[in-house]
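run.cif (mmCIF, C-alpha atoms) appears below.
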data_entry
loop_
_atom_site.label_atom_id
_atom_site.label_comp_id
_atom_site.auth_asym_id
_atom_site.auth_seq_id
_atom_site.Cartn_x
_atom_site.Cartn_y
_atom_site.Cartn_z
CA MET T 1191 -34.30 -11.17 33.38
CA SER T 1192 -31.80 -9.50 31.13
CA SER T 1193 -28.87 -10.44 28.96
CA SER T 1194 -25.89 -8.78 27.34
CA HIS T 1195 -23.72 -10.41 24.73
CA SER T 1196 -21.14 -9.91 22.03
CA MET T 1197 -21.52 -13.52 20.87
CA VAL T 1198 -25.10 -14.21 19.77
CA LEU T 1199 -26.99 -17.46 20.21
CA THR T 1200 -29.81 -18.21 17.82
CA GLU T 1201 -33.33 -17.78 19.14
CA THR T 1202 -33.67 -21.56 19.45
CA GLN T 1203 -30.38 -21.93 21.31
CA LEU T 1204 -31.09 -19.04 23.66
CA LYS T 1205 -34.52 -20.45 24.49
CA ALA T 1206 -33.01 -23.88 25.25
CA PHE T 1207 -30.33 -22.33 27.47
CA LYS T 1208 -32.89 -20.32 29.44
CA GLU T 1209 -35.06 -23.41 29.88
CA PHE T 1210 -32.03 -25.21 31.29
CA LEU T 1211 -31.37 -22.37 33.74
CA GLY T 1212 -34.94 -22.45 34.97
CA HIS T 1213 -34.31 -19.71 37.53
CA ALA T 1214 -37.33 -18.17 39.18
CA GLY T 1215 -37.19 -14.41 39.39
CA ASP T 1216 -34.73 -12.00 37.85
CA TYR T 1217 -31.28 -12.95 36.60
CA CYS T 1218 -28.73 -11.59 34.18
CA ILE T 1219 -26.82 -13.49 31.50
CA SER T 1220 -23.58 -12.08 30.14
CA PHE T 1221 -22.21 -13.65 26.95
CA SER T 1222 -18.66 -13.29 25.64
CA SER T 1223 -16.19 -15.23 23.54
CA GLY T 1224 -15.10 -18.44 25.24
CA VAL T 1225 -11.74 -18.69 23.45
CA ASP T 1226 -8.91 -16.44 22.40
CA GLU T 1227 -8.53 -15.48 18.75
CA GLY T 1228 -7.03 -18.29 16.71
CA GLU T 1229 -8.01 -21.02 19.21
CA ASN T 1230 -11.44 -21.74 17.72
CA PHE T 1231 -11.27 -24.92 15.67
CA GLY T 1232 -14.21 -26.98 16.97
CA GLY T 1233 -17.25 -24.74 16.79
CA ILE T 1234 -18.56 -21.43 18.10
CA ILE T 1235 -17.45 -21.24 21.75
CA ILE T 1236 -19.35 -18.84 24.01
CA ARG T 1237 -18.80 -18.04 27.66
CA ALA T 1238 -22.02 -17.49 29.63
CA ASP T 1239 -21.95 -15.98 33.12
CA VAL T 1240 -25.27 -16.02 34.96
CA THR T 1241 -25.89 -13.89 38.04
CA TRP T 1242 -28.94 -13.76 40.31
CA LYS T 1243 -29.85 -12.99 43.90
CA GLU T 1244 -31.00 -15.30 46.66
CA GLY T 1245 -32.13 -12.94 49.35
CA ASN T 1246 -29.24 -10.55 49.92
CA LYS T 1247 -26.71 -12.95 48.46
CA GLU T 1248 -25.49 -12.53 44.87
CA CYS T 1249 -24.90 -15.86 43.11
CA THR T 1250 -23.01 -16.59 39.92
CA SER T 1251 -22.67 -19.67 37.70
CA HIS T 1252 -20.32 -20.07 34.75
CA TYR T 1253 -20.86 -22.04 31.56
CA ILE T 1254 -19.29 -22.76 28.20
CA ILE T 1255 -21.76 -23.03 25.32
CA LYS T 1256 -20.50 -24.77 22.21
CA CYS T 1257 -22.56 -24.25 19.03
CA THR T 1258 -22.47 -25.39 15.43
CA PRO T 1259 -21.12 -22.73 13.06
CA PRO T 1260 -23.65 -21.05 10.75
CA SER T 1261 -21.53 -21.35 7.60
CA GLU T 1262 -23.39 -23.53 5.07
CA SER T 1263 -20.31 -23.91 2.87
CA LEU T 1264 -18.30 -25.17 5.84
CA GLN T 1265 -20.97 -27.74 6.67
CA ARG T 1266 -20.74 -29.08 3.14
CA LEU T 1267 -16.96 -29.50 3.42
CA ILE T 1268 -16.57 -31.01 6.90
CA PRO T 1269 -19.01 -33.10 9.02
CA VAL T 1270 -19.99 -30.39 11.49
CA GLN T 1271 -23.35 -31.94 12.37
CA THR T 1272 -21.89 -35.43 12.83
CA ALA T 1273 -19.13 -34.05 15.05
CA PHE T 1274 -21.65 -32.39 17.37
CA ILE T 1275 -23.81 -35.51 17.52
CA ILE T 1276 -20.79 -37.58 18.57
CA GLU T 1277 -19.59 -35.04 21.13
CA THR T 1278 -23.05 -34.78 22.66
CA TYR T 1279 -23.23 -38.57 22.87
CA VAL T 1280 -19.81 -38.79 24.55
CA TYR T 1281 -20.65 -36.17 27.18
CA SER T 1282 -24.24 -37.26 27.83
CA ARG T 1283 -23.81 -41.04 27.62
CA VAL T 1284 -20.23 -42.35 27.55
CA LEU T 1285 -18.79 -40.17 30.30
CA LYS T 1286 -21.98 -40.61 32.34
CA GLU T 1287 -21.55 -44.40 32.17
CA PHE T 1288 -17.89 -44.00 33.10
CA ASN T 1289 -18.99 -42.22 36.25
CA ILE T 1290 -21.62 -44.87 37.02
CA ILE T 1291 -19.26 -47.85 36.82
CA GLN T 1292 -16.68 -46.02 38.93
CA ARG T 1293 -19.31 -45.43 41.64
CA GLU T 1294 -20.37 -49.08 41.44
CA TYR T 1295 -16.80 -50.15 42.23
CA ASN T 1296 -16.19 -47.44 44.84
CA LEU T 1297 -12.98 -46.20 43.26
CA ARG T 1298 -10.72 -44.23 45.59
CA LYS T 1299 -9.59 -41.79 42.90
CA PRO T 1300 -12.09 -41.96 40.02
CA LEU T 1301 -11.32 -40.54 36.60
CA ASP T 1302 -12.63 -36.99 36.60
CA CYS T 1303 -10.80 -35.17 33.82
CA PHE T 1304 -13.81 -33.76 31.97
CA PRO T 1305 -16.00 -30.67 32.33
CA VAL T 1306 -19.45 -31.28 33.76
CA TYR T 1307 -22.06 -31.75 31.04
CA TYR T 1308 -25.35 -29.90 31.68
CA THR T 1309 -27.57 -30.02 28.62
CA SER T 1310 -27.62 -29.96 24.83
CA LEU T 1311 -29.70 -29.19 21.79
CA PRO T 1312 -28.92 -32.21 19.59
CA THR T 1313 -31.90 -32.58 17.25
CA THR T 1314 -31.79 -29.47 15.07
CA LYS T 1315 -29.16 -27.91 12.79
CA GLU T 1316 -28.63 -25.30 15.51
CA LYS T 1317 -26.86 -27.80 17.76
CA MET T 1318 -25.53 -26.71 21.15
CA ILE T 1319 -23.76 -28.24 24.15
CA VAL T 1320 -23.67 -26.58 27.59
CA LEU T 1321 -20.66 -27.44 29.76
CA GLN T 1322 -18.99 -26.36 32.96
CA ASN T 1323 -16.45 -23.54 32.55
CA VAL T 1324 -13.46 -25.23 34.18
CA LYS T 1325 -11.38 -22.05 34.00
CA GLU T 1326 -13.41 -20.92 36.99
CA LEU T 1327 -11.92 -23.90 38.86
CA GLY T 1328 -8.39 -22.72 38.13
CA TYR T 1329 -7.70 -24.64 34.94
CA ARG T 1330 -5.91 -22.86 32.15
CA HIS T 1331 -4.55 -23.53 28.68
CA TYR T 1332 -0.91 -24.23 27.91
CA ASP T 1333 0.73 -22.12 25.21
CA ARG T 1334 -0.05 -24.15 22.08
CA PHE T 1335 2.96 -22.68 20.28
CA GLN T 1336 5.31 -24.38 22.74
CA PRO T 1337 5.92 -28.15 23.06
CA LEU T 1338 4.73 -29.72 26.30
CA ASP T 1339 7.40 -30.70 28.82
CA TYR T 1340 7.61 -34.20 30.29
CA PRO T 1341 5.38 -33.63 33.38
CA HIS T 1342 2.54 -32.31 31.21
CA LEU T 1343 2.95 -35.16 28.71
CA LEU T 1344 2.94 -37.74 31.50
CA CYS T 1345 -0.14 -36.19 33.10
CA VAL T 1346 -2.14 -36.53 29.88
CA VAL T 1347 -0.79 -39.99 28.99
CA LYS T 1348 -1.88 -41.31 32.39
CA GLU T 1349 -5.38 -39.89 31.92
CA TYR T 1350 -5.61 -41.47 28.48
CA ALA T 1351 -4.61 -44.77 30.12
CA ARG T 1352 -7.52 -44.45 32.55
CA VAL T 1353 -9.99 -43.49 29.80
CA HIS T 1354 -8.92 -46.54 27.81
CA ALA T 1355 -9.02 -48.77 30.89
CA LEU T 1356 -12.59 -47.69 31.62
CA THR T 1357 -13.54 -48.82 28.12
CA TYR T 1358 -12.12 -52.25 28.93
CA ALA T 1359 -14.06 -52.34 32.20
CA ILE T 1360 -17.29 -51.50 30.32
CA ARG T 1361 -16.57 -54.14 27.68
CA HIS T 1362 -15.82 -56.74 30.38
CA TYR T 1363 -18.81 -56.11 32.65
CA LYS T 1364 -21.32 -54.44 30.30
CA PRO T 1365 -20.73 -55.79 26.78
CA VAL T 1366 -24.10 -54.58 25.47
CA LEU T 1367 -23.22 -51.04 26.54
CA PHE T 1368 -19.83 -51.36 24.84
CA GLU T 1369 -21.60 -52.34 21.60
CA GLU T 1370 -23.81 -49.26 21.98
CA PHE T 1371 -20.71 -47.07 22.34
CA GLU T 1372 -19.32 -48.54 19.15
CA ALA T 1373 -22.54 -48.13 17.18
CA ASN T 1374 -22.96 -44.49 18.20
CA THR T 1375 -19.42 -43.42 17.32
CA GLU T 1376 -19.11 -45.44 14.12
CA ASN T 1377 -20.09 -42.61 11.76
CA HIS T 1378 -17.11 -40.52 12.86
CA VAL T 1379 -15.48 -37.44 11.37
CA PHE T 1380 -13.20 -39.43 9.03
CA HIS T 1381 -15.82 -42.03 8.10
CA ASP T 1382 -15.39 -42.93 4.40
CA PHE T 1383 -14.02 -39.40 3.77
CA LYS T 1384 -17.51 -38.40 2.67
CA TYR T 1385 -16.66 -34.75 3.26
CA GLU T 1386 -14.20 -33.28 0.79
CA GLY T 1387 -12.73 -30.80 3.25
CA ILE T 1388 -11.26 -33.54 5.45
CA MET T 1389 -9.20 -35.01 2.64
CA MET T 1390 -8.24 -31.60 1.26
CA VAL T 1391 -6.76 -30.58 4.61
CA THR T 1392 -5.03 -33.94 5.16
CA GLN T 1393 -3.37 -33.82 1.74
CA HIS T 1394 -2.41 -30.16 2.17
CA ARG T 1395 -0.59 -30.90 5.45
CA MET T 1396 1.11 -34.01 4.03
CA ASP T 1397 2.41 -32.04 1.04
CA HIS T 1398 3.91 -29.45 3.38
CA ALA T 1399 5.45 -32.18 5.55
CA LEU T 1400 7.06 -33.75 2.48
CA LYS T 1401 8.50 -30.39 1.49
CA ALA T 1402 9.98 -30.07 4.99
CA LEU T 1403 11.79 -33.38 4.49
CA GLU T 1404 13.62 -32.19 1.38
CA SER T 1405 16.63 -31.13 3.44
CA ILE T 1406 17.26 -34.50 5.14
CA GLU T 1407 20.17 -36.69 4.08
CA ASP T 1408 18.25 -39.95 4.51
CA THR T 1409 17.00 -40.40 0.94
CA THR T 1410 15.44 -43.76 1.81
CA LEU T 1411 13.19 -42.14 4.41
CA TYR T 1412 12.33 -39.32 2.00
CA LYS T 1413 11.25 -41.79 -0.68
CA LYS T 1414 9.20 -43.83 1.82
CA PHE T 1415 7.41 -40.75 3.08
CA ALA T 1416 6.89 -39.39 -0.46
CA CYS T 1417 5.17 -42.64 -1.45
CA PHE T 1418 3.10 -42.54 1.73
CA ALA T 1419 2.10 -38.88 1.21
CA GLN T 1420 1.02 -39.62 -2.35
CA ASN T 1421 -1.19 -42.49 -1.16
CA VAL T 1422 -2.28 -41.07 2.19
CA ARG T 1423 -5.98 -41.48 1.50
CA SER T 1424 -5.79 -45.20 0.74
CA VAL T 1425 -3.45 -45.81 3.71
CA PHE T 1426 -5.71 -43.78 6.01
CA GLU T 1427 -8.85 -45.61 4.88
CA LYS T 1428 -7.19 -49.02 5.26
CA LEU T 1429 -6.11 -48.28 8.82
CA LEU T 1430 -9.44 -46.69 9.77
CA ASN T 1431 -11.45 -49.64 8.49
CA SER T 1432 -9.25 -52.32 10.08
CA LYS T 1433 -10.98 -54.13 12.92
CA LYS T 1434 -8.99 -53.51 16.08
CA LYS T 1435 -8.92 -56.14 18.80
CA HIS T 1436 -7.97 -53.60 21.46
CA ARG T 1437 -10.29 -50.78 20.45
CA VAL T 1438 -11.13 -48.28 23.17
CA ILE T 1439 -12.96 -44.96 23.46
CA SER T 1440 -10.35 -42.63 22.00
CA HIS T 1441 -10.10 -38.86 22.08
CA ILE T 1442 -8.42 -38.57 18.63
CA ASP T 1443 -8.30 -34.76 18.65
CA CYS T 1444 -5.25 -34.68 20.92
CA GLY T 1445 -4.28 -31.07 20.26
CA ILE T 1446 -2.64 -29.01 23.00
CA PRO T 1447 -5.61 -26.55 23.09
CA ASN T 1448 -7.86 -29.49 24.08
CA PHE T 1449 -6.17 -29.86 27.46
CA LEU T 1450 -6.46 -27.44 30.35
CA PHE T 1451 -4.12 -27.77 33.32
CA LYS T 1452 -4.47 -26.93 36.99
CA TYR T 1453 -1.51 -25.93 39.16
CA ASP T 1454 -0.87 -25.50 42.86
CA PRO T 1455 -1.25 -21.75 43.47
CA SER T 1456 1.68 -21.70 45.90
CA SER T 1457 4.29 -23.99 44.36
CA GLY T 1458 3.15 -23.96 40.72
CA GLU T 1459 3.21 -27.75 40.72
CA LEU T 1460 1.07 -29.40 38.02
CA LEU T 1461 -1.95 -31.01 39.70
CA SER T 1462 -4.31 -32.28 37.00
CA THR T 1463 -5.63 -31.92 33.46
CA CYS T 1464 -9.08 -31.53 31.96
CA ILE T 1465 -9.71 -33.01 28.50
CA ILE T 1466 -12.15 -31.21 26.21
CA ASP T 1467 -13.43 -31.42 22.61
CA TRP T 1468 -14.68 -34.96 21.99
CA GLN T 1469 -16.05 -34.34 18.47
CA GLN T 1470 -13.74 -36.88 16.86
CA ALA T 1471 -14.13 -39.58 19.52
CA ARG T 1472 -14.62 -43.17 18.43
CA LEU T 1473 -13.63 -46.75 19.22
CA GLU T 1474 -10.02 -46.93 18.06
CA SER T 1475 -6.68 -48.54 18.87
CA PRO T 1476 -5.07 -46.97 21.96
CA ALA T 1477 -2.04 -46.39 19.72
CA VAL T 1478 -3.80 -43.54 17.94
CA ASP T 1479 -4.21 -41.31 21.00
CA LEU T 1480 -0.69 -42.10 22.18
CA VAL T 1481 1.13 -41.45 18.89
CA THR T 1482 -1.00 -38.45 17.92
CA PHE T 1483 -0.42 -36.78 21.27
CA ILE T 1484 3.24 -37.60 21.92
CA PHE T 1485 4.53 -37.00 18.39
CA SER T 1486 2.69 -33.70 18.00
CA ALA T 1487 2.95 -32.24 21.51
CA ALA T 1488 6.52 -33.18 22.48
CA ASP T 1489 9.74 -31.80 21.09
CA LYS T 1490 12.59 -34.05 19.95
CA ALA T 1491 14.45 -33.94 23.28
CA THR T 1492 11.39 -34.93 25.32
CA ARG T 1493 10.43 -37.61 22.81
CA GLU T 1494 13.66 -39.40 23.76
CA ARG T 1495 11.62 -40.53 26.77
CA TYR T 1496 8.97 -42.04 24.49
CA ASP T 1497 9.50 -45.61 25.73
CA GLU T 1498 9.22 -44.37 29.29
CA LEU T 1499 5.89 -42.69 28.52
CA ILE T 1500 4.55 -45.88 26.91
CA MET T 1501 5.57 -47.92 29.97
CA GLU T 1502 3.93 -45.38 32.29
CA TYR T 1503 0.78 -45.58 30.17
CA HIS T 1504 0.65 -49.37 30.47
CA LYS T 1505 1.42 -49.35 34.20
CA THR T 1506 -1.40 -46.85 34.84
CA PHE T 1507 -3.76 -48.80 32.55
CA CYS T 1508 -3.16 -52.05 34.44
CA SER T 1509 -3.30 -50.43 37.87
CA PHE T 1510 -6.61 -48.70 37.14
CA LEU T 1511 -8.18 -51.84 35.67
CA GLY T 1512 -7.09 -53.69 38.80
CA GLU T 1513 -9.47 -51.51 40.82
CA PHE T 1514 -12.30 -53.11 38.82
CA GLY T 1515 -11.00 -56.60 39.52
CA CYS T 1516 -9.60 -56.98 35.99
CA ASP T 1517 -6.12 -58.11 34.98
CA GLY T 1518 -4.79 -55.47 32.63
CA GLU T 1519 -1.73 -57.56 31.84
CA LYS T 1520 -4.01 -60.22 30.36
CA LEU T 1521 -6.49 -57.84 28.66
CA LEU T 1522 -3.77 -55.74 27.03
CA PRO T 1523 -0.34 -57.38 27.38
CA PHE T 1524 2.54 -54.96 26.89
CA GLU T 1525 3.60 -56.92 23.81
CA ASP T 1526 0.13 -56.39 22.32
CA LEU T 1527 0.36 -52.66 23.02
CA GLN T 1528 3.67 -52.55 21.19
CA GLU T 1529 2.10 -54.35 18.23
CA GLU T 1530 -0.80 -51.87 18.24
CA LEU T 1531 1.68 -48.99 18.14
CA MET T 1532 3.52 -50.61 15.26
CA GLU T 1533 0.36 -51.35 13.25
CA PHE T 1534 -1.80 -48.29 13.92
CA GLY T 1535 0.68 -45.62 15.00
CA LEU T 1536 0.69 -44.28 11.45
CA LEU T 1537 -2.88 -43.06 11.95
CA GLY T 1538 -1.62 -41.00 14.86
CA LEU T 1539 1.25 -39.57 12.82
CA ILE T 1540 -1.15 -38.39 10.09
CA ILE T 1541 -3.33 -36.59 12.62
CA GLY T 1542 -0.28 -35.33 14.50
CA ILE T 1543 1.18 -33.69 11.40
CA SER T 1544 -1.99 -31.60 11.05
CA LEU T 1545 -1.72 -30.58 14.70
CA ILE T 1546 1.92 -29.54 14.30
CA TYR T 1547 0.79 -27.29 11.44
CA VAL T 1548 -1.65 -25.55 13.80
CA TYR T 1549 1.06 -25.15 16.47
CA ALA T 1550 3.33 -23.52 13.88
CA THR T 1551 0.75 -20.86 13.01
CA VAL T 1552 2.54 -18.15 14.99
CA ASP T 1553 1.94 -14.40 14.57
CA GLN T 1554 -0.54 -15.15 11.83
CA LYS T 1555 -4.29 -14.70 11.87
CA VAL T 1556 -6.13 -17.91 11.03
CA PRO T 1557 -9.07 -17.41 8.64
CA ASP T 1558 -12.47 -17.37 10.36
CA ILE T 1559 -13.82 -20.60 8.92
CA PHE T 1560 -16.93 -20.58 11.09
CA GLN T 1561 -18.54 -17.33 10.06
CA THR T 1562 -17.34 -16.82 6.51
CA GLU T 1563 -19.01 -18.36 3.45
CA CYS T 1564 -16.46 -19.43 0.84
CA PRO T 1565 -16.01 -21.80 -2.09
CA LYS T 1566 -13.98 -24.94 -1.45
CA GLU T 1567 -10.96 -23.44 -3.24
CA GLU T 1568 -10.81 -20.82 -0.49
CA PHE T 1569 -11.50 -23.22 2.40
CA GLY T 1570 -9.99 -21.52 5.46
CA PHE T 1571 -8.23 -24.59 6.80
CA LEU T 1572 -6.05 -24.61 3.66
CA TYR T 1573 -4.12 -21.49 4.64
CA ASP T 1574 -0.36 -21.45 4.03
CA LEU T 1575 2.11 -20.53 6.74
CA GLN T 1576 3.75 -17.14 6.34
CA ASP T 1577 6.82 -18.55 8.10
CA SER T 1578 7.13 -22.33 7.82
CA SER T 1579 10.45 -22.69 9.68
CA LYS T 1580 8.88 -23.83 12.98
CA PHE T 1581 6.62 -26.32 11.23
CA ASP T 1582 9.45 -27.62 9.06
CA LYS T 1583 11.68 -28.29 12.07
CA ARG T 1584 9.03 -29.90 14.29
CA VAL T 1585 7.44 -32.05 11.60
CA ARG T 1586 10.82 -33.15 10.25
CA GLU T 1587 11.92 -34.24 13.72
CA ALA T 1588 8.62 -36.04 14.36
CA ILE T 1589 8.79 -37.98 11.08
CA CYS T 1590 12.44 -38.88 11.58
CA ASP T 1591 11.74 -40.10 15.13
CA PHE T 1592 8.77 -42.12 13.91
CA ASN T 1593 11.07 -43.83 11.45
CA ARG T 1594 13.89 -44.22 14.00
CA PHE T 1595 11.54 -45.91 16.47
CA GLY T 1596 10.93 -48.61 13.87
CA TYR T 1597 7.43 -47.64 12.73
CA ASN T 1598 6.51 -47.97 9.07
CA PHE T 1599 4.74 -45.78 6.53
CA GLU T 1600 2.50 -48.39 4.91
#

Just dump the structure as structure tokens.
Amino acid sequence: MSSSHSMVLTETQLKAFKEFLGHAGDYCISFSSGVDEGENFGGIIIRADVTWKEGNKECTSHYIIKCTPPSESLQRLIPVQTAFIIETYVYSRVLKEFNIIQREYNLRKPLDCFPVYYTSLPTTKEKMIVLQNVKELGYRHYDRFQPLDYPHLLCVVKEYARVHALTYAIRHYKPVLFEEFEANTENHVFHDFKYEGIMMVTQHRMDHALKALESIEDTTLYKKFACFAQNVRSVFEKLLNSKKKHRVISHIDCGIPNFLFKYDPSSGELLSTCIIDWQQARLESPAVDLVTFIFSAADKATRERYDELIMEYHKTFCSFLGEFGCDGEKLLPFEDLQEELMEFGLLGLIIGISLIYVYATVDQKVPDIFQTECPKEEFGFLYDLQDSSKFDKRVREAICDFNRFGYNFE
């Protein structure tokens, strides 16, 4: 057995990975970075390629290993350990139960938009998750600097509808399991804002969004958003702590880098998406995933089809629940979905503004927050944009559309 690597696992992590492999005989592990520079916002991502021989045949398997960052200062500012506990729970328990209930009802086209989960190291500070490398199946990232077009938006919205519908099926047929889901995702990333870094970043992005609005002629909107930005913490906490009737397993971290897409090699037609990074997952209103994703990932022109996307979401939600013998129209009437969007869409806008800031970080190196020790005043996520024009335009359009669609800022 041998290994070569530029990205180094800890001794504990490497031992756990080798125990998972369990190969008899000789094999070689090659480690390399699992993401491009500037894409790493959820942990240390390592690609592991394992080769071995079975007789005269050479075999290869491909993995993504996601590890907690070593920076102690970072772990004091943001809930790194909590995020990994939640993500491990989602992959090892929630998605497993999704697969089980789909098999029980013999679904023709089951939801399968996640990488395969293999193993994890959840009990120490050196946490680790081992997943399938879906790039080896032909999936690839979309350019995060560019807004998604309508087919890509629709593809993701339909998968969110099926994720949310599965939550309803679990709640309907397995209520005790649903309660377990809720209990194990309750202490989420934003919980009580116990970590100073979360609020620092949120306020930083809101301040920049307010500055971007200075050029608009609608002074009423500017004043409303200024009041909201000044009180974002209290508004955020109020919405987070509200009991939602229609709460579902939600992705929350709906950033473009967290979707990989597969295309027909001949025609280039979009075939499917794979959703990754479930560190922020929790039971939440379906409005949060929808508003976060659409308002951050679409440009103004594509967002003109917002109502169409919401209707497609609801149609897919009801159709998928129907395969479980449930009436989606009764469980989540379209009118109720509209009310959810009105009441909790603001949560999605807050998260979406932070995502737009990331998308606007063009031709600029993002500080390495995972390896570097720093005081909170130099927290890497608080970097300023060297050129804010792209952010200003996209965030201004998103906020104006949010207001134009009749949503409020309270």

Name the closest residue to T:Phe1415 among the candidates T:Ile1319, T:Leu1204, T:Cys1508, T:Ile1540; distances are taken between atoms, counting all atoms listed in the file.
T:Ile1540

Between T:Gln1203, T:Asn1296, T:Ser1486, T:Ser1456, which residue has the minimum interatomic distance to T:Ile1546, considering all atoms listed in the file?
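Looking only at the distances to T:Ile1546, the closest residue turns out to be T:Ser1486.
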
What is the atom CA of T:Val1478 to atom CA of T:Arg1283 distance in Å?
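It comes out at 22.4 Å.
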
Might you spell out which residues the PyMOL selection byres ((chain T and resi 1355) around 12) would select in the displayed file, as a ChimeraX atom specification?
/T:1288,1291-1292,1300-1301,1348-1354,1356-1362,1436-1440,1476,1503-1519,1521-1522

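Using the PyMOL selection byres ((chain T and resi 1202) around 12) on the file at hand returns these residues: T:Val1198, T:Leu1199, T:Thr1200, T:Glu1201, T:Gln1203, T:Leu1204, T:Lys1205, T:Ala1206, T:Phe1207, T:Lys1208, T:Glu1209, T:Cys1257, T:Ser1310, T:Leu1311, T:Pro1312, T:Thr1313, T:Thr1314, T:Lys1315, T:Glu1316, T:Lys1317, T:Met1318.
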
Selection in question (the file shown): the PyMOL selection byres ((chain T and resi 1397-1413) around 9). Which residues does it include, as a VMD selection string?
chain T and resid 1392 to 1396 1414 to 1420 1543 1547 1578 to 1579 1581 to 1583 1585 to 1586 1589 to 1590 1593

With C-alpha atoms kept, could you save the residues just selected as an mmCIF file, keeping the file's coordinate frame?
data_model
loop_
_atom_site.group_PDB
_atom_site.id
_atom_site.type_symbol
_atom_site.label_atom_id
_atom_site.label_comp_id
_atom_site.auth_asym_id
_atom_site.auth_seq_id
_atom_site.Cartn_x
_atom_site.Cartn_y
_atom_site.Cartn_z
ATOM 1 C CA THR T 1392 -5.030 -33.940 5.160
ATOM 2 C CA GLN T 1393 -3.370 -33.820 1.740
ATOM 3 C CA HIS T 1394 -2.410 -30.160 2.170
ATOM 4 C CA ARG T 1395 -0.590 -30.900 5.450
ATOM 5 C CA MET T 1396 1.110 -34.010 4.030
ATOM 6 C CA LYS T 1414 9.200 -43.830 1.820
ATOM 7 C CA PHE T 1415 7.410 -40.750 3.080
ATOM 8 C CA ALA T 1416 6.890 -39.390 -0.460
ATOM 9 C CA CYS T 1417 5.170 -42.640 -1.450
ATOM 10 C CA PHE T 1418 3.100 -42.540 1.730
ATOM 11 C CA ALA T 1419 2.100 -38.880 1.210
ATOM 12 C CA GLN T 1420 1.020 -39.620 -2.350
ATOM 13 C CA ILE T 1543 1.180 -33.690 11.400
ATOM 14 C CA TYR T 1547 0.790 -27.290 11.440
ATOM 15 C CA SER T 1578 7.130 -22.330 7.820
ATOM 16 C CA SER T 1579 10.450 -22.690 9.680
ATOM 17 C CA PHE T 1581 6.620 -26.320 11.230
ATOM 18 C CA ASP T 1582 9.450 -27.620 9.060
ATOM 19 C CA LYS T 1583 11.680 -28.290 12.070
ATOM 20 C CA VAL T 1585 7.440 -32.050 11.600
ATOM 21 C CA ARG T 1586 10.820 -33.150 10.250
ATOM 22 C CA ILE T 1589 8.790 -37.980 11.080
ATOM 23 C CA CYS T 1590 12.440 -38.880 11.580
ATOM 24 C CA ASN T 1593 11.070 -43.830 11.450
#

Would you list the contacts of T:Lys1433 as a ChimeraX atom specification, taking every protein, DNA or RNA residue within 12 Å and counting all atoms listed in the file, but skipping same-chain residues closer than 3 positions in sequence?
/T:1372,1376,1427-1430,1436-1438,1473-1475,1530,1533-1534

Two-atom distance - atom CA of T:Ala1238, atom CA of T:Leu1211 (Å)
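We find that atom CA of T:Ala1238 and atom CA of T:Leu1211 lie 11.3 Å from each other.
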
So how far away is atom CA of T:Ser1222 from atom CA of T:Asp1239, in Å?
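One can read the atom CA of T:Asp1239 to atom CA of T:Ser1222 distance as 8.6 Å.
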
In terms of the shortest atom-to-atom distance over all atoms listed in the file, which of T:Val1284, T:Ala1373, T:Leu1537, T:Leu1572 is closest to T:Val1422?
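The closest residue to T:Val1422 is T:Leu1537.
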
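Across T:Val1347, T:Leu1531, T:Ile1388, T:Leu1536, the tightest approach to T:Ile1484 is made by T:Val1347 when counting only C-alpha atoms.
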
List the spatial neighbours of T:Arg1584 as a ChimeraX atom specification - criterion: any atom at most 8 Å away, all atoms listed in the file, same-chain residues fewer than 3 positions off excluded.
/T:1489-1490,1546,1580-1581,1587-1588

Expected file: the selected residues, C-alpha atoms, as a PDB file, keeping the file's coordinate frame:
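What landed in selection_3.pdb:
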ATOM      1  CA  ASP T1489       9.740 -31.800  21.090  1.00  0.00           C
ATOM      2  CA  LYS T1490      12.590 -34.050  19.950  1.00  0.00           C
ATOM      3  CA  ILE T1546       1.920 -29.540  14.300  1.00  0.00           C
ATOM      4  CA  LYS T1580       8.880 -23.830  12.980  1.00  0.00           C
ATOM      5  CA  PHE T1581       6.620 -26.320  11.230  1.00  0.00           C
ATOM      6  CA  GLU T1587      11.920 -34.240  13.720  1.00  0.00           C
ATOM      7  CA  ALA T1588       8.620 -36.040  14.360  1.00  0.00           C
TER       8      ALA T1588
END

Closest to T:Gly1224 among T:Gln1322, T:Thr1309, T:Asn1377, T:Thr1551, using all atoms listed in the file?
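The answer is T:Gln1322, which sits nearest to T:Gly1224.
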
I'd like to know which of T:Thr1258, T:Asp1497, T:Asp1574, T:Arg1472 is closest to T:Thr1375, using all atoms listed in the file.
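Among T:Thr1258, T:Asp1497, T:Asp1574, T:Arg1472, it is T:Arg1472 that comes nearest to T:Thr1375.
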
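Within the 12 Å cut-off around T:Asn1448, using all atoms listed in the file and omitting residues fewer than 6 positions from it on the same chain, the listed residues are T:Val1225, T:Glu1229, T:Asn1230, T:Phe1231, T:Gly1232, T:Cys1303, T:Phe1304, T:Pro1305, T:Tyr1329, T:Arg1330, T:His1331, T:Tyr1332, T:Asp1333, T:Arg1334, T:Val1346, T:His1441, T:Ile1442, T:Thr1463, T:Cys1464, T:Ile1465, T:Ile1466, T:Asp1467, T:Trp1468, T:Gln1469, T:Gln1470, T:Phe1483, T:Ala1487, T:Leu1545.
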
Give me, as a PyMOL selection string, all polymer residues having an atom no more than 6 Å from T:Ile1255, counting only C-alpha atoms and skipping those fewer than 3 positions away in the same chain.
chain T and resi 1235-1236+1319-1320
